[in-house]
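> Dropping in model18.txt, with compact mmCIF, C-alpha atoms.
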# COMPACT_ATOMS: atom_id res chain seq x y z
CA ILE A 119 91.28 109.78 103.22
CA VAL A 120 90.49 106.62 105.20
CA TYR A 121 91.52 103.06 104.37
CA VAL A 122 89.60 100.24 106.06
CA LEU A 123 91.49 96.95 105.70
CA SER A 124 89.88 93.85 107.17
CA GLY A 125 90.20 90.11 106.70
CA THR A 126 92.16 87.04 107.69
CA ASP A 127 95.26 87.74 105.60
CA ALA A 128 97.56 89.79 107.84
CA TYR A 129 100.33 89.60 105.23
CA ALA A 130 98.15 91.14 102.49
CA SER A 131 97.07 93.88 104.89
CA GLN A 132 100.69 94.69 105.71
CA GLN A 133 101.52 94.77 101.99
CA GLN A 134 98.81 97.37 101.44
CA ILE A 135 100.18 99.42 104.34
CA ASN A 136 103.72 99.11 102.95
CA LYS A 137 102.51 100.58 99.65
CA LEU A 138 101.03 103.57 101.46
CA ILE A 139 104.28 104.02 103.38
CA ALA A 140 106.29 103.87 100.14
CA ASP A 141 104.00 106.53 98.66
CA MET A 142 105.00 108.85 101.52
CA GLY A 143 108.33 109.42 99.77
CA GLU A 144 111.84 109.69 101.18
CA PRO A 145 112.06 107.24 104.15
CA THR A 146 113.64 109.61 106.72
CA THR A 147 111.08 112.37 106.19
CA ALA A 148 108.27 109.84 105.85
CA GLY A 149 109.20 108.26 109.16
CA MET A 150 108.58 111.57 110.92
CA ASN A 151 105.06 111.64 109.50
CA ILE A 152 103.97 108.07 110.25
CA THR A 153 102.31 107.02 113.51
CA ARG A 154 101.42 103.42 114.41
CA LEU A 155 98.83 102.75 117.12
CA ASP A 156 97.21 99.58 118.45
CA GLY A 157 93.57 99.24 119.48
CA ARG A 158 94.51 96.77 122.20
CA ASN A 159 96.07 99.54 124.29
CA LEU A 160 94.91 102.72 122.60
CA ASN A 161 95.01 106.11 124.26
CA MET A 162 92.43 108.34 122.58
CA ASN A 163 94.60 111.43 123.10
CA ASP A 164 97.42 109.75 121.17
CA LEU A 165 95.07 109.06 118.27
CA ASN A 166 93.70 112.61 118.32
CA ASN A 167 97.17 114.13 118.41
CA ALA A 168 98.47 111.92 115.62
CA ALA A 169 95.44 112.47 113.40
CA ASN A 170 95.45 116.24 113.76
CA ALA A 171 99.18 116.95 113.71
CA ILE A 172 100.59 119.09 110.92
CA PRO A 173 102.85 117.16 108.51
CA PHE A 174 106.56 117.90 108.83
CA LEU A 175 108.26 118.67 105.50
CA SER A 176 105.61 116.59 103.73
CA GLY A 177 102.18 116.95 102.22
CA HIS A 178 100.62 114.22 104.36
CA ARG A 179 100.67 112.32 107.61
CA LEU A 180 99.93 108.58 107.77
CA VAL A 181 98.24 107.20 110.88
CA ILE A 182 97.92 103.42 111.12
CA LEU A 183 95.56 101.99 113.75
CA ALA A 184 95.70 98.22 114.14
CA GLU A 185 92.76 96.35 115.67
CA PRO A 186 90.36 99.34 115.75
CA TYR A 187 87.43 97.06 116.62
CA LEU A 188 88.96 96.36 120.03
CA ALA A 189 89.13 100.06 120.85
CA PHE A 190 85.79 101.18 119.37
CA LYS A 191 83.59 98.11 119.69
CA GLY A 192 80.55 99.69 121.35
CA ALA A 193 78.07 102.15 119.83
CA LYS A 194 79.39 105.10 121.87
CA GLU A 195 82.97 104.30 120.98
CA LEU A 196 82.08 103.93 117.30
CA LYS A 197 80.52 107.41 117.37
CA LYS A 198 83.76 108.78 118.83
CA LEU A 199 85.74 107.21 116.01
CA SER A 200 83.27 108.49 113.39
CA ALA A 201 83.49 112.01 114.82
CA LEU A 202 87.27 111.93 114.77
CA ILE A 203 87.27 110.74 111.15
CA GLU A 204 84.82 113.41 110.06
CA ALA A 205 87.10 116.07 111.53
CA LEU A 206 90.30 114.73 109.94
CA PRO A 207 92.39 117.41 108.25
CA PRO A 208 92.87 116.83 104.50
CA THR A 209 96.57 116.16 105.12
CA THR A 210 95.90 113.03 107.21
CA ILE A 211 95.61 109.52 105.79
CA LEU A 212 94.08 107.14 108.34
CA VAL A 213 94.41 103.38 108.01
CA LEU A 214 92.17 101.10 110.09
CA ALA A 215 93.59 97.58 109.85
CA GLN A 216 91.54 94.80 111.47
CA VAL A 217 92.91 91.25 111.21
CA LEU A 218 90.18 88.62 111.60
CA ASP A 219 90.26 85.01 112.79
CA ALA A 220 87.56 84.21 110.23
CA PRO A 221 86.00 86.13 107.31
CA ALA A 222 83.84 89.04 108.49
CA ASN A 223 80.65 87.44 107.20
CA LYS A 224 81.18 84.60 109.70
CA ASN A 225 81.34 87.03 112.63
CA LYS A 226 78.03 88.90 112.68
CA SER A 227 78.92 91.48 115.32
CA LEU A 228 82.19 92.40 113.64
CA ASN A 229 80.61 92.39 110.18
CA ASP A 230 77.87 94.74 111.44
CA TRP A 231 80.50 97.00 113.00
CA LEU A 232 82.49 97.22 109.77
CA HIS A 233 79.32 97.95 107.80
CA LYS A 234 78.20 100.69 110.21
CA LEU A 235 81.64 102.26 110.23
CA THR A 236 82.14 102.37 106.47
CA THR A 237 78.54 103.43 105.79
CA GLU A 238 78.65 106.24 108.32
CA ILE A 239 82.00 107.75 107.43
CA SER A 240 81.68 107.33 103.65
CA LYS A 241 78.88 109.90 103.72
CA ARG A 242 81.43 112.60 104.55
CA VAL A 243 84.90 111.19 103.93
CA LYS A 244 86.51 109.31 101.04
CA VAL A 245 86.80 105.68 102.18
CA HIS A 246 88.73 102.85 100.54
CA SER A 247 87.48 99.58 102.01
CA ARG A 248 89.12 96.22 101.24
CA GLU A 249 88.51 92.74 102.62
CA LEU A 250 91.71 90.71 102.43
CA ASN A 251 91.24 87.04 103.25
CA ASN A 252 93.72 84.18 103.07
CA PRO A 253 93.42 82.19 99.84
CA THR A 254 91.72 78.82 100.13
CA GLN A 255 93.84 75.70 99.77
CA ALA A 256 92.62 75.43 96.17
CA GLU A 257 93.55 79.06 95.47
CA LEU A 258 96.93 78.98 97.21
CA PRO A 259 99.04 77.45 94.37
CA GLY A 260 97.91 80.25 92.05
CA TRP A 261 98.70 82.81 94.75
CA ILE A 262 102.17 81.28 95.18
CA ILE A 263 102.87 81.43 91.43
CA GLN A 264 101.81 85.08 91.31
CA GLU A 265 103.82 86.00 94.43
CA THR A 266 106.91 84.31 92.96
CA ARG A 267 106.64 86.37 89.78
CA GLN A 268 106.13 89.58 91.78
CA GLN A 269 109.12 88.97 94.03
CA ALA A 270 111.33 88.19 91.03
CA LYS A 271 110.04 91.23 89.11
CA LEU A 272 110.87 93.56 92.01
CA LEU A 273 114.49 92.47 91.59
CA GLY A 274 114.41 92.81 87.83
CA GLN A 275 114.29 89.06 87.27
CA HIS A 276 111.90 86.99 85.15
CA VAL A 277 111.73 83.55 86.71
CA GLY A 278 108.74 81.77 88.26
CA MET A 279 107.59 78.59 89.90
CA GLU A 280 106.33 75.46 88.20
CA THR A 281 102.70 74.55 88.90
CA ALA A 282 103.62 71.27 90.60
CA ALA A 283 106.14 73.08 92.79
CA ALA A 284 103.51 75.65 93.82
CA SER A 285 101.10 72.85 94.75
CA LYS A 286 103.79 71.16 96.84
CA LEU A 287 104.66 74.37 98.65
CA ALA A 288 100.96 75.02 99.30
CA GLU A 289 100.71 71.62 101.01
CA MET A 290 103.62 72.52 103.26
CA VAL A 291 102.63 76.04 104.37
CA GLY A 292 98.83 75.73 104.69
CA ASP A 293 97.04 79.06 104.24
CA ASN A 294 99.76 81.20 105.87
CA THR A 295 100.66 83.66 103.13
CA ARG A 296 103.41 85.32 105.17
CA VAL A 297 105.24 81.99 105.60
CA ALA A 298 104.63 81.15 101.93
CA SER A 299 106.16 84.47 100.91
CA GLN A 300 109.22 83.86 103.08
CA GLU A 301 109.72 80.39 101.59
CA ILE A 302 109.38 81.78 98.08
CA THR A 303 112.16 84.27 98.85
CA LYS A 304 114.41 81.42 100.02
CA LEU A 305 113.63 79.34 96.93
CA LEU A 306 114.38 82.21 94.55
CA GLU A 307 117.73 82.66 96.26
CA TYR A 308 118.33 78.91 96.10
CA VAL A 309 117.91 78.82 92.31
CA ASN A 310 119.80 82.14 92.12
CA PHE A 311 117.12 83.51 89.76
CA GLN A 312 118.63 81.34 87.01
CA ARG A 313 115.63 79.08 86.37
CA ASN A 314 112.05 78.37 87.45
CA ILE A 315 111.56 76.72 90.84
CA SER A 316 110.85 72.99 90.58
CA VAL A 317 109.26 70.40 92.88
CA GLN A 318 112.74 69.13 93.70
CA ASP A 319 113.76 72.60 94.86
CA VAL A 320 110.75 72.76 97.19
Take the structure in the file and write it out as structure tokens.


Amino acid sequence: IVYVLSGTDAYASQQQINKLIADMGEPTTAGMNITRLDGRNLNMNDLNNAANAIPFLSGHRLVILAEPYLAFKGAKELKKLSALIEALPPTTILVLAQVLDAPANKNKSLNDWLHKLTTEISKRVKVHSRELNNPTQAELPGWIIQETRQQAKLLGQHVGMETAAASKLAEMVGDNTRVASQEITKLLEYVNFQRNISVQDV
């Protein structure tokens, strides 16, 4: 299985990866079956070894390659990546996570690369492709309200954030969802999960 995550929202991409890590089961055993690599300084042998290793006390291995475009930008390199993916053992889950400075459709070369990659490998391998972009300024308050509910729910709480408070926080953090998430965590602790977050709290 291959996951192709691309877009401007690095936080959303990491959240998707965290879910896959959580699905690996018990953290100690999972840690022995997870490999993280970076396309900015990738050694092809390291990728080959990680992708083809036998899982240890687990049904799967998880290989996460950040910035794959930087390692496989050219046509020859893309063929190498496609060949590796086609030969993946069924026990390997490969994640290709490409963070973008702008949406893919505004970068023709990168958009073409993503299209070629997903089209080519999906003929032979199951591919889950997701584009994860930062919310616009207009969308951000809604994102903040939803993230607040999710964070509270994970802790068994049922509080949220008032609409005006979400709008105020959106003004302060811009489109950085990671910073917004961190500030939401602080605000939930500040109100001690006893009430909804207000403008005054922000």

> List the spatial neighbours of range 271-284 of chain A as a PyMOL selection string - criterion: any atom at most 6 Å away, only C-alpha atoms, same-chain residues fewer than 4 positions off excluded.

chain A and resi 259+262-263+266-267+313-317

> Can you tell me which residues surround Asn159 in chain A at a distance of at most 12 Å, considering only C-alpha atoms, apart from same-chain residues fewer than 2 positions away, and format the answer as a PDB file with C-alpha atoms, in the coordinates of the input?


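Result went into part.pdb, see below:
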ATOM      1  CA  ARG A 154     101.420 103.420 114.410  1.00  0.00           C
ATOM      2  CA  LEU A 155      98.830 102.750 117.120  1.00  0.00           C
ATOM      3  CA  ASP A 156      97.210  99.580 118.450  1.00  0.00           C
ATOM      4  CA  GLY A 157      93.570  99.240 119.480  1.00  0.00           C
ATOM      5  CA  ASN A 161      95.010 106.110 124.260  1.00  0.00           C
ATOM      6  CA  MET A 162      92.430 108.340 122.580  1.00  0.00           C
ATOM      7  CA  ASP A 164      97.420 109.750 121.170  1.00  0.00           C
ATOM      8  CA  LEU A 165      95.070 109.060 118.270  1.00  0.00           C
ATOM      9  CA  LEU A 183      95.560 101.990 113.750  1.00  0.00           C
ATOM     10  CA  ALA A 184      95.700  98.220 114.140  1.00  0.00           C
ATOM     11  CA  GLU A 185      92.760  96.350 115.670  1.00  0.00           C
ATOM     12  CA  PRO A 186      90.360  99.340 115.750  1.00  0.00           C
ATOM     13  CA  TYR A 187      87.430  97.060 116.620  1.00  0.00           C
ATOM     14  CA  LEU A 188      88.960  96.360 120.030  1.00  0.00           C
ATOM     15  CA  ALA A 189      89.130 100.060 120.850  1.00  0.00           C
ATOM     16  CA  PHE A 190      85.790 101.180 119.370  1.00  0.00           C
TER      17      PHE A 190
END

> Could you tell me how far CA of Leu138 in chain A sits from CA of Val217 in chain A, in Å to one decimal place?

17.7 Å

> His178 in chain A: which residues within 6 Å, counting all atoms listed in the file, same-chain residues fewer than 4 positions away excluded, as a list in words?

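The neighbour list is Pro173, Thr209 and Thr210 of chain A.
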
> Take the residues from that selection and put them in a file with C-alpha atoms, as a short mmCIF file (atom, residue, chain, number, x, y, z; two decimals), in the frame of the given file.


data_model
loop_
_atom_site.label_atom_id
_atom_site.label_comp_id
_atom_site.auth_asym_id
_atom_site.auth_seq_id
_atom_site.Cartn_x
_atom_site.Cartn_y
_atom_site.Cartn_z
CA PRO A 173 102.85 117.16 108.51
CA THR A 209 96.57 116.16 105.12
CA THR A 210 95.90 113.03 107.21
#

> One decimal, Å: what's the distance from CA of Arg248 in chain A over to CA of Gly149 in chain A, could you say?

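Interatomic distance, CA of Arg248 in chain A to CA of Gly149 in chain A: 24.7 Å.
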
> Taking all atoms listed in the file into account, which of A:Val243, A:Ala215, A:Val291, A:Leu235 comes nearest Gly125 in chain A?

A:Ala215

> Hey, what's within 10 Å of Pro208 in chain A if we count all atoms listed in the file and toss same-chain stuff fewer than 2 positions away? As a list in words, please?

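The residues satisfying every condition are Ile119, Asn170, Gly177, His178, Arg179, Ala205, Leu206, Thr210, Ile211 and Val243 of chain A.
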
> My list of candidates is A:Leu212, A:Leu232, A:Ala298, A:Ala270. Which is closest to Gln312 in chain A when distances are computed with only C-alpha atoms?

A:Ala270

> Calculated over only C-alpha atoms, which of the candidates A:Ile203, A:Ala171, A:Leu305, A:Leu218 has the smallest distance to Glu249 in chain A?

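Once distances to Glu249 in chain A are computed over only C-alpha atoms, the minimum belongs to A:Leu218.
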
> In Å to one decimal, how far is CA of Glu204 in chain A from CA of Glu238 in chain A?

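A separation of 9.6 Å between them.
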